Amino acid sequence: VSRFKIIESTLREGEQFANAYFDLEAKIKIAKALDEFGSAPRCFASSVSILTGIADIELTSPAASEQSRKDCEAICNLGLKAKILTHVRCHLEDAKIAVETGVDGLDVVIGTSSYLREHSHGKDMTYIKNTALEVIEFVKSKGKEIRFSSEDSFRSDLVDLLSIYSAVDKVGVNRVGIADTVGCASPRQVYDLVRTLRGVVSCDIETHFHNDSGCAIANAFCALEAGATHIDTSVLGIGERNGITPLGGLMARMIVADRDYVLSKYNIKKLKEVEDLVADLVEVNVPFNNYITGFCAFTHKAGIHAKAILNNPSTYEIINPQDFGMSRYVHFASRLTGWNAIKSRAEQLGLQMSDSQYKECTAKIKAIADVRKIALDDTDSIIRTYHHNLHSEQE
Ligand code: HCA
Ligand code: CU
């Protein structure tokens with residue numbers, strides 16, 4: 001599970017997000033940010049070289065438009081550590097344009113489900129297989145890496161799929177891809193298909209999951225459990241409709257599974273920066289409940305939680321916020337608070353009291369919070385006033 005690689009598709013799938021318009025300057029910013037994210041900090045890297053975690057950055061097809069082609073060339077010329085791939089239809093004409101841009105490899109795709117064969121491109125499986133073989137041979141002859149993927153894999157015929165994957169594997173494709181284009185697959189279906197495919201091909205297996213029914217991260221994890229090697233992601237999950245497996249969400253899942261590997265491969269302290277950059281460019285807010293970077297991702301509120309967290313953060317935190325350069329927050333301005341949280345806040349404010357005084361002060365806060373919503377400032381001033389009155393009583 002842990003030896004996974006990422007194909008970062010913010011600059012391809014992400015461009016299919018409703019709000020995305022990336023000019024070259026924006027694309028360069030994103031590509032550079034992803035390249036940094038994909039390079040483990042020196043202290044974790046081996047002594048010989050800096051490891052690169054994000055294997056590939058995937059770009060929109062240069063056949064999509066003239067500017068897309070120019071942008072693709074410009075990004076290839078940046079000299080990034082990450083490999084640059086472009087995503088094209090499984091057509092010889094597109095492949096010819098793509099190999100001239102300077103990319104390291106091509107991700108080719110064609111629809112294999114009956115929905116897409118009948119209502120989209122209208123080709124049968126024999127045609128698809130022959131075209132795939134022709135494109136693969138051509139791309140390899142140009143010395144480029146190639147991945148072959150079937151679109152809408154989970155609504156395709158299993159026999160068709162395995163037959164085409166095994167044919168492309170035999171001619172030396174670098175990776176095959178499975179795509180849940182419509183977001184219909186469940187983790188168990190993913191596990192079964194990837195496991196079956198693992199027994200049929202010897203090349204790497206890439207997977208791509210849309211999030212229409214909320215399974216994009218779980219499906220990615222199941223794919224890895226079943227032997228997939230690569231996961232497609234985009235920053236904040238942006239993509240067609242409601243998007244795909246988010247980079248940050250996958251990091252959350254994987255750091256729980258294998259922290260050392262994640263820290264050795266990715267510069268995860270950059271996650272927030274990459275997300276803020278993309279959120280800004282596509283004019284959305286980072287969701288409140290976002291993995292790791294959502295504003296309340298490490299906020300603890302109930303008194304029982306706060307007490308335990310203050311004793312030992314592992315009690316209610318599976319991810320250490322500091323790994324991502326984030327910080328934990330103990331929420332104390334509510335009726336659910338407890339005296340340990342108030343004590344900790346009072347200490348932050350430099351106010352010392354006895355335990356029974358903290359308890360009494362907490363009772364006052366809870367009583368007020370029972371009749372109205374209280375803000376942090378309110379709570380602070382209740383604590384200060386309580387503390388002040390203790391002293392004036394003494395005088
Ligand atoms: C799309 C194409 C794709 C391709 C995935 C892949 C999908 O429909 O826009 O190349 O593996 O979801 O099928 O993004
Ligand atoms: Cu997609």
# chains A, B, ... in the order shown; residues from 1 in each chain; ligands from 1
>>> select_by_dssp(residues="region 35-186 of chain A", states="alpha helix (DSSP H)", output="VMD selection string")
chain A and resid 35 to 37 66 to 76 92 to 99 114 to 116 125 to 141 158 to 170
>>> closest_atom_pairs(of="chain A", to="ligand 2", cutoff="8 Å", atoms="only C-alpha atoms and all ligand atoms", output="tab-separated table")
residue	atom	partner	partner_atom_place_in_ligand_line	distance
A:Glu13	CA	ligand 2	1 (Cu)	5.8
A:Ala179	CA	ligand 2	1 (Cu)	7.0
A:Asp180	CA	ligand 2	1 (Cu)	7.4
A:Thr181	CA	ligand 2	1 (Cu)	5.2
A:His208	CA	ligand 2	1 (Cu)	6.5
A:Phe209	CA	ligand 2	1 (Cu)	6.9
A:His210	CA	ligand 2	1 (Cu)	6.2
A:Gly239	CA	ligand 2	1 (Cu)	6.9
A:Glu240	CA	ligand 2	1 (Cu)	6.5
A:Gly243	CA	ligand 2	1 (Cu)	7.5
A:Ile244	CA	ligand 2	1 (Cu)	6.8
>>> write_last_selection(atoms="C-alpha atoms", output="PDB file, in the first residue's frame")
ATOM      1  CA  GLU A  13      -8.311  17.144 -14.828  1.00  0.00           C
ATOM      2  CA  ALA A 179     -10.654   5.265 -14.550  1.00  0.00           C
ATOM      3  CA  ASP A 180     -13.871   5.633 -12.607  1.00  0.00           C
ATOM      4  CA  THR A 181     -14.970   8.399 -14.928  1.00  0.00           C
ATOM      5  CA  HIS A 208      -8.286   7.619 -11.416  1.00  0.00           C
ATOM      6  CA  PHE A 209     -11.365   8.150  -9.264  1.00  0.00           C
ATOM      7  CA  HIS A 210     -14.149  10.666  -9.573  1.00  0.00           C
ATOM      8  CA  GLY A 239     -11.983  18.413 -11.901  1.00  0.00           C
ATOM      9  CA  GLU A 240     -14.958  17.540 -14.077  1.00  0.00           C
ATOM     10  CA  GLY A 243     -13.851  16.333  -9.105  1.00  0.00           C
ATOM     11  CA  ILE A 244     -11.464  13.521  -8.211  1.00  0.00           C
TER      12      ILE A 244
END
>>> closest_residue(among="A:Met353, A:Ala346, A:Ala223, A:Ala218", to="Ser381 (chain A)", atoms="only C-alpha atoms")
A:Ala346
>>> residues_around(residues="Thr245 (chain A)", least_positions_apart="6", cutoff="6 Å", atoms="only C-alpha atoms", output="ChimeraX atom specification")
/A:216-217,233,237
>>> closest_residue(among="A:Gly143, A:Gly183, A:Gly199, A:Gly325", to="Ser166 (chain A)", atoms="only C-alpha atoms")
A:Gly199
>>> residues_around(residues="region 270-286 of chain A", least_positions_apart="6", cutoff="9 Å", atoms="only C-alpha atoms", output="ChimeraX atom specification")
/A:10,17-22,26,29-30,33-34,36-37,235-236,247-248,292-295,324-326
>>> write_last_selection(atoms="N, CA and C atoms", output="PDB file, in the first residue's frame")
ATOM      1  N   THR A  10      -3.829  18.391 -11.530  1.00  0.00           N
ATOM      2  CA  THR A  10      -4.481  19.710 -11.412  1.00  0.00           C
ATOM      3  C   THR A  10      -4.433  20.469 -12.738  1.00  0.00           C
ATOM      4  N   PHE A  17     -12.384  21.624 -14.243  1.00  0.00           N
ATOM      5  CA  PHE A  17     -13.251  22.163 -13.180  1.00  0.00           C
ATOM      6  C   PHE A  17     -13.965  23.408 -13.712  1.00  0.00           C
ATOM      7  N   ALA A  18     -15.236  23.521 -13.356  1.00  0.00           N
ATOM      8  CA  ALA A  18     -16.071  24.594 -13.891  1.00  0.00           C
ATOM      9  C   ALA A  18     -15.442  25.990 -13.783  1.00  0.00           C
ATOM     10  N   ASN A  19     -14.770  26.258 -12.657  1.00  0.00           N
ATOM     11  CA  ASN A  19     -14.226  27.607 -12.440  1.00  0.00           C
ATOM     12  C   ASN A  19     -12.809  27.800 -12.948  1.00  0.00           C
ATOM     13  N   ALA A  20     -12.204  26.739 -13.503  1.00  0.00           N
ATOM     14  CA  ALA A  20     -10.769  26.856 -13.811  1.00  0.00           C
ATOM     15  C   ALA A  20     -10.529  27.589 -15.126  1.00  0.00           C
ATOM     16  N   TYR A  21      -9.705  28.606 -15.037  1.00  0.00           N
ATOM     17  CA  TYR A  21      -9.116  29.180 -16.249  1.00  0.00           C
ATOM     18  C   TYR A  21      -7.673  29.471 -15.902  1.00  0.00           C
ATOM     19  N   PHE A  22      -6.773  28.682 -16.440  1.00  0.00           N
ATOM     20  CA  PHE A  22      -5.364  28.850 -16.110  1.00  0.00           C
ATOM     21  C   PHE A  22      -4.623  29.455 -17.296  1.00  0.00           C
ATOM     22  N   ALA A  26      -0.347  31.241 -14.484  1.00  0.00           N
ATOM     23  CA  ALA A  26      -0.979  30.433 -13.432  1.00  0.00           C
ATOM     24  C   ALA A  26      -0.484  28.991 -13.505  1.00  0.00           C
ATOM     25  N   LYS A  29       2.949  28.727 -12.025  1.00  0.00           N
ATOM     26  CA  LYS A  29       2.911  28.787 -10.548  1.00  0.00           C
ATOM     27  C   LYS A  29       2.502  27.440  -9.970  1.00  0.00           C
ATOM     28  N   ILE A  30       1.465  26.856 -10.558  1.00  0.00           N
ATOM     29  CA  ILE A  30       0.970  25.573 -10.036  1.00  0.00           C
ATOM     30  C   ILE A  30       2.023  24.484 -10.236  1.00  0.00           C
ATOM     31  N   ALA A  33       4.795  24.886  -7.750  1.00  0.00           N
ATOM     32  CA  ALA A  33       4.357  24.553  -6.392  1.00  0.00           C
ATOM     33  C   ALA A  33       4.247  23.034  -6.226  1.00  0.00           C
ATOM     34  N   LEU A  34       3.725  22.365  -7.246  1.00  0.00           N
ATOM     35  CA  LEU A  34       3.602  20.906  -7.182  1.00  0.00           C
ATOM     36  C   LEU A  34       4.974  20.250  -7.178  1.00  0.00           C
ATOM     37  N   GLU A  36       7.674  21.459  -5.948  1.00  0.00           N
ATOM     38  CA  GLU A  36       8.226  21.602  -4.590  1.00  0.00           C
ATOM     39  C   GLU A  36       7.549  20.651  -3.626  1.00  0.00           C
ATOM     40  N   PHE A  37       6.243  20.533  -3.764  1.00  0.00           N
ATOM     41  CA  PHE A  37       5.505  19.621  -2.888  1.00  0.00           C
ATOM     42  C   PHE A  37       6.028  18.193  -3.054  1.00  0.00           C
ATOM     43  N   VAL A 235      -5.281  19.155  -6.827  1.00  0.00           N
ATOM     44  CA  VAL A 235      -5.307  19.976  -5.625  1.00  0.00           C
ATOM     45  C   VAL A 235      -6.762  20.338  -5.309  1.00  0.00           C
ATOM     46  N   LEU A 236      -7.175  20.098  -4.081  1.00  0.00           N
ATOM     47  CA  LEU A 236      -8.559  20.289  -3.625  1.00  0.00           C
ATOM     48  C   LEU A 236      -9.552  19.389  -4.354  1.00  0.00           C
ATOM     49  N   LEU A 247      -5.525  15.808  -3.562  1.00  0.00           N
ATOM     50  CA  LEU A 247      -4.140  15.574  -3.119  1.00  0.00           C
ATOM     51  C   LEU A 247      -4.045  15.569  -1.589  1.00  0.00           C
ATOM     52  N   GLY A 248      -4.656  16.566  -0.946  1.00  0.00           N
ATOM     53  CA  GLY A 248      -4.570  16.668   0.510  1.00  0.00           C
ATOM     54  C   GLY A 248      -5.282  15.522   1.213  1.00  0.00           C
ATOM     55  N   ILE A 292      -7.060  18.101   6.664  1.00  0.00           N
ATOM     56  CA  ILE A 292      -5.836  18.759   7.140  1.00  0.00           C
ATOM     57  C   ILE A 292      -5.889  20.292   7.174  1.00  0.00           C
ATOM     58  N   THR A 293      -6.325  20.924   6.085  1.00  0.00           N
ATOM     59  CA  THR A 293      -6.226  22.384   6.042  1.00  0.00           C
ATOM     60  C   THR A 293      -7.552  23.105   6.293  1.00  0.00           C
ATOM     61  N   GLY A 294      -8.646  22.373   6.433  1.00  0.00           N
ATOM     62  CA  GLY A 294      -9.925  23.013   6.761  1.00  0.00           C
ATOM     63  C   GLY A 294      -9.756  23.759   8.088  1.00  0.00           C
ATOM     64  N   PHE A 295     -10.462  24.872   8.276  1.00  0.00           N
ATOM     65  CA  PHE A 295     -10.136  25.713   9.444  1.00  0.00           C
ATOM     66  C   PHE A 295     -10.327  24.975  10.759  1.00  0.00           C
ATOM     67  N   PHE A 324       2.184  18.858   8.936  1.00  0.00           N
ATOM     68  CA  PHE A 324       1.752  19.664   7.789  1.00  0.00           C
ATOM     69  C   PHE A 324       1.937  21.157   8.046  1.00  0.00           C
ATOM     70  N   GLY A 325       2.640  21.475   9.124  1.00  0.00           N
ATOM     71  CA  GLY A 325       2.832  22.882   9.453  1.00  0.00           C
ATOM     72  C   GLY A 325       1.544  23.551   9.934  1.00  0.00           C
ATOM     73  N   MET A 326       0.590  22.759  10.390  1.00  0.00           N
ATOM     74  CA  MET A 326      -0.673  23.309  10.875  1.00  0.00           C
ATOM     75  C   MET A 326      -0.630  23.306  12.408  1.00  0.00           C
TER      76      MET A 326
END
>>> decode(residues="region 247-287 of chain A", atoms="N, CA and C atoms", output="mmCIF file, in the first residue's frame")
data_model
loop_
_atom_site.group_PDB
_atom_site.id
_atom_site.type_symbol
_atom_site.label_atom_id
_atom_site.label_comp_id
_atom_site.auth_asym_id
_atom_site.auth_seq_id
_atom_site.Cartn_x
_atom_site.Cartn_y
_atom_site.Cartn_z
ATOM 1 N N LEU A 247 -5.525 15.808 -3.562
ATOM 2 C CA LEU A 247 -4.140 15.574 -3.119
ATOM 3 C C LEU A 247 -4.045 15.569 -1.589
ATOM 4 N N GLY A 248 -4.656 16.566 -0.946
ATOM 5 C CA GLY A 248 -4.570 16.668 0.510
ATOM 6 C C GLY A 248 -5.282 15.522 1.213
ATOM 7 N N GLY A 249 -6.422 15.120 0.680
ATOM 8 C CA GLY A 249 -7.168 14.008 1.276
ATOM 9 C C GLY A 249 -6.401 12.704 1.150
ATOM 10 N N LEU A 250 -5.731 12.535 0.022
ATOM 11 C CA LEU A 250 -4.922 11.317 -0.141
ATOM 12 C C LEU A 250 -3.744 11.339 0.840
ATOM 13 N N MET A 251 -3.161 12.515 1.039
ATOM 14 C CA MET A 251 -2.064 12.641 2.009
ATOM 15 C C MET A 251 -2.547 12.281 3.413
ATOM 16 N N ALA A 252 -3.760 12.745 3.749
ATOM 17 C CA ALA A 252 -4.316 12.438 5.067
ATOM 18 C C ALA A 252 -4.453 10.923 5.229
ATOM 19 N N ARG A 253 -5.016 10.283 4.208
ATOM 20 C CA ARG A 253 -5.209 8.831 4.250
ATOM 21 C C ARG A 253 -3.856 8.111 4.351
ATOM 22 N N MET A 254 -2.889 8.547 3.553
ATOM 23 C CA MET A 254 -1.622 7.819 3.473
ATOM 24 C C MET A 254 -0.703 8.086 4.661
ATOM 25 N N ILE A 255 -0.804 9.271 5.270
ATOM 26 C CA ILE A 255 0.079 9.514 6.416
ATOM 27 C C ILE A 255 -0.368 8.661 7.602
ATOM 28 N N VAL A 256 -1.656 8.354 7.622
ATOM 29 C CA VAL A 256 -2.165 7.459 8.654
ATOM 30 C C VAL A 256 -1.687 6.026 8.395
ATOM 31 N N ALA A 257 -1.572 5.689 7.102
ATOM 32 C CA ALA A 257 -1.142 4.332 6.752
ATOM 33 C C ALA A 257 0.375 4.156 6.887
ATOM 34 N N ASP A 258 1.146 5.144 6.482
ATOM 35 C CA ASP A 258 2.607 4.993 6.536
ATOM 36 C C ASP A 258 3.274 6.370 6.592
ATOM 37 N N ARG A 259 3.384 6.884 7.815
ATOM 38 C CA ARG A 259 3.902 8.243 8.013
ATOM 39 C C ARG A 259 5.330 8.401 7.488
ATOM 40 N N ASP A 260 6.185 7.418 7.764
ATOM 41 C CA ASP A 260 7.592 7.559 7.361
ATOM 42 C C ASP A 260 7.727 7.692 5.856
ATOM 43 N N TYR A 261 6.964 6.891 5.143
ATOM 44 C CA TYR A 261 7.052 6.941 3.674
ATOM 45 C C TYR A 261 6.586 8.298 3.154
ATOM 46 N N VAL A 262 5.466 8.768 3.686
ATOM 47 C CA VAL A 262 4.926 10.052 3.227
ATOM 48 C C VAL A 262 5.925 11.180 3.521
ATOM 49 N N LEU A 263 6.490 11.163 4.729
ATOM 50 C CA LEU A 263 7.456 12.217 5.075
ATOM 51 C C LEU A 263 8.721 12.125 4.223
ATOM 52 N N SER A 264 9.072 10.909 3.805
ATOM 53 C CA SER A 264 10.295 10.748 3.020
ATOM 54 C C SER A 264 10.102 11.168 1.565
ATOM 55 N N LYS A 265 8.859 11.203 1.114
ATOM 56 C CA LYS A 265 8.609 11.462 -0.304
ATOM 57 C C LYS A 265 8.060 12.849 -0.600
ATOM 58 N N TYR A 266 7.277 13.374 0.314
ATOM 59 C CA TYR A 266 6.559 14.618 0.005
ATOM 60 C C TYR A 266 6.901 15.714 0.989
ATOM 61 N N ASN A 267 6.928 16.913 0.463
ATOM 62 C CA ASN A 267 7.181 18.082 1.278
ATOM 63 C C ASN A 267 5.828 18.584 1.769
ATOM 64 N N ILE A 268 5.254 17.842 2.732
ATOM 65 C CA ILE A 268 3.840 18.063 3.051
ATOM 66 C C ILE A 268 3.558 19.383 3.761
ATOM 67 N N LYS A 269 4.605 20.022 4.258
ATOM 68 C CA LYS A 269 4.385 21.353 4.858
ATOM 69 C C LYS A 269 3.935 22.350 3.800
ATOM 70 N N LYS A 270 4.125 21.987 2.529
ATOM 71 C CA LYS A 270 3.721 22.879 1.428
ATOM 72 C C LYS A 270 2.251 22.709 1.053
ATOM 73 N N LEU A 271 1.580 21.746 1.659
ATOM 74 C CA LEU A 271 0.215 21.455 1.216
ATOM 75 C C LEU A 271 -0.694 22.697 1.259
ATOM 76 N N LYS A 272 -0.658 23.387 2.379
ATOM 77 C CA LYS A 272 -1.561 24.533 2.531
ATOM 78 C C LYS A 272 -1.268 25.599 1.479
ATOM 79 N N GLU A 273 0.008 25.801 1.241
ATOM 80 C CA GLU A 273 0.406 26.805 0.255
ATOM 81 C C GLU A 273 -0.111 26.438 -1.148
ATOM 82 N N VAL A 274 0.054 25.174 -1.523
ATOM 83 C CA VAL A 274 -0.412 24.718 -2.843
ATOM 84 C C VAL A 274 -1.932 24.868 -2.934
ATOM 85 N N GLU A 275 -2.618 24.480 -1.848
ATOM 86 C CA GLU A 275 -4.083 24.577 -1.866
ATOM 87 C C GLU A 275 -4.551 26.029 -1.938
ATOM 88 N N ASP A 276 -3.904 26.887 -1.150
ATOM 89 C CA ASP A 276 -4.306 28.297 -1.172
ATOM 90 C C ASP A 276 -4.071 28.905 -2.546
ATOM 91 N N LEU A 277 -2.974 28.520 -3.167
ATOM 92 C CA LEU A 277 -2.675 29.025 -4.514
ATOM 93 C C LEU A 277 -3.782 28.628 -5.494
ATOM 94 N N VAL A 278 -4.127 27.340 -5.483
ATOM 95 C CA VAL A 278 -5.134 26.863 -6.435
ATOM 96 C C VAL A 278 -6.518 27.421 -6.094
ATOM 97 N N ALA A 279 -6.848 27.457 -4.804
ATOM 98 C CA ALA A 279 -8.155 27.985 -4.391
ATOM 99 C C ALA A 279 -8.313 29.419 -4.894
ATOM 100 N N ASP A 280 -7.248 30.180 -4.759
ATOM 101 C CA ASP A 280 -7.247 31.561 -5.193
ATOM 102 C C ASP A 280 -7.427 31.656 -6.717
ATOM 103 N N LEU A 281 -6.689 30.832 -7.439
ATOM 104 C CA LEU A 281 -6.744 30.889 -8.908
ATOM 105 C C LEU A 281 -8.116 30.483 -9.451
ATOM 106 N N VAL A 282 -8.775 29.554 -8.795
ATOM 107 C CA VAL A 282 -10.079 29.123 -9.304
ATOM 108 C C VAL A 282 -11.238 29.763 -8.516
ATOM 109 N N GLU A 283 -10.878 30.714 -7.672
ATOM 110 C CA GLU A 283 -11.870 31.511 -6.953
ATOM 111 C C GLU A 283 -12.856 30.683 -6.130
ATOM 112 N N VAL A 284 -12.297 29.801 -5.301
ATOM 113 C CA VAL A 284 -13.135 29.096 -4.322
ATOM 114 C C VAL A 284 -12.476 29.231 -2.956
ATOM 115 N N ASN A 285 -13.273 28.993 -1.909
ATOM 116 C CA ASN A 285 -12.700 28.924 -0.568
ATOM 117 C C ASN A 285 -12.326 27.485 -0.282
ATOM 118 N N VAL A 286 -11.276 27.303 0.496
ATOM 119 C CA VAL A 286 -10.974 25.953 0.962
ATOM 120 C C VAL A 286 -12.122 25.538 1.880
ATOM 121 N N PRO A 287 -12.753 24.386 1.621
ATOM 122 C CA PRO A 287 -13.918 23.988 2.424
ATOM 123 C C PRO A 287 -13.610 23.914 3.921
#
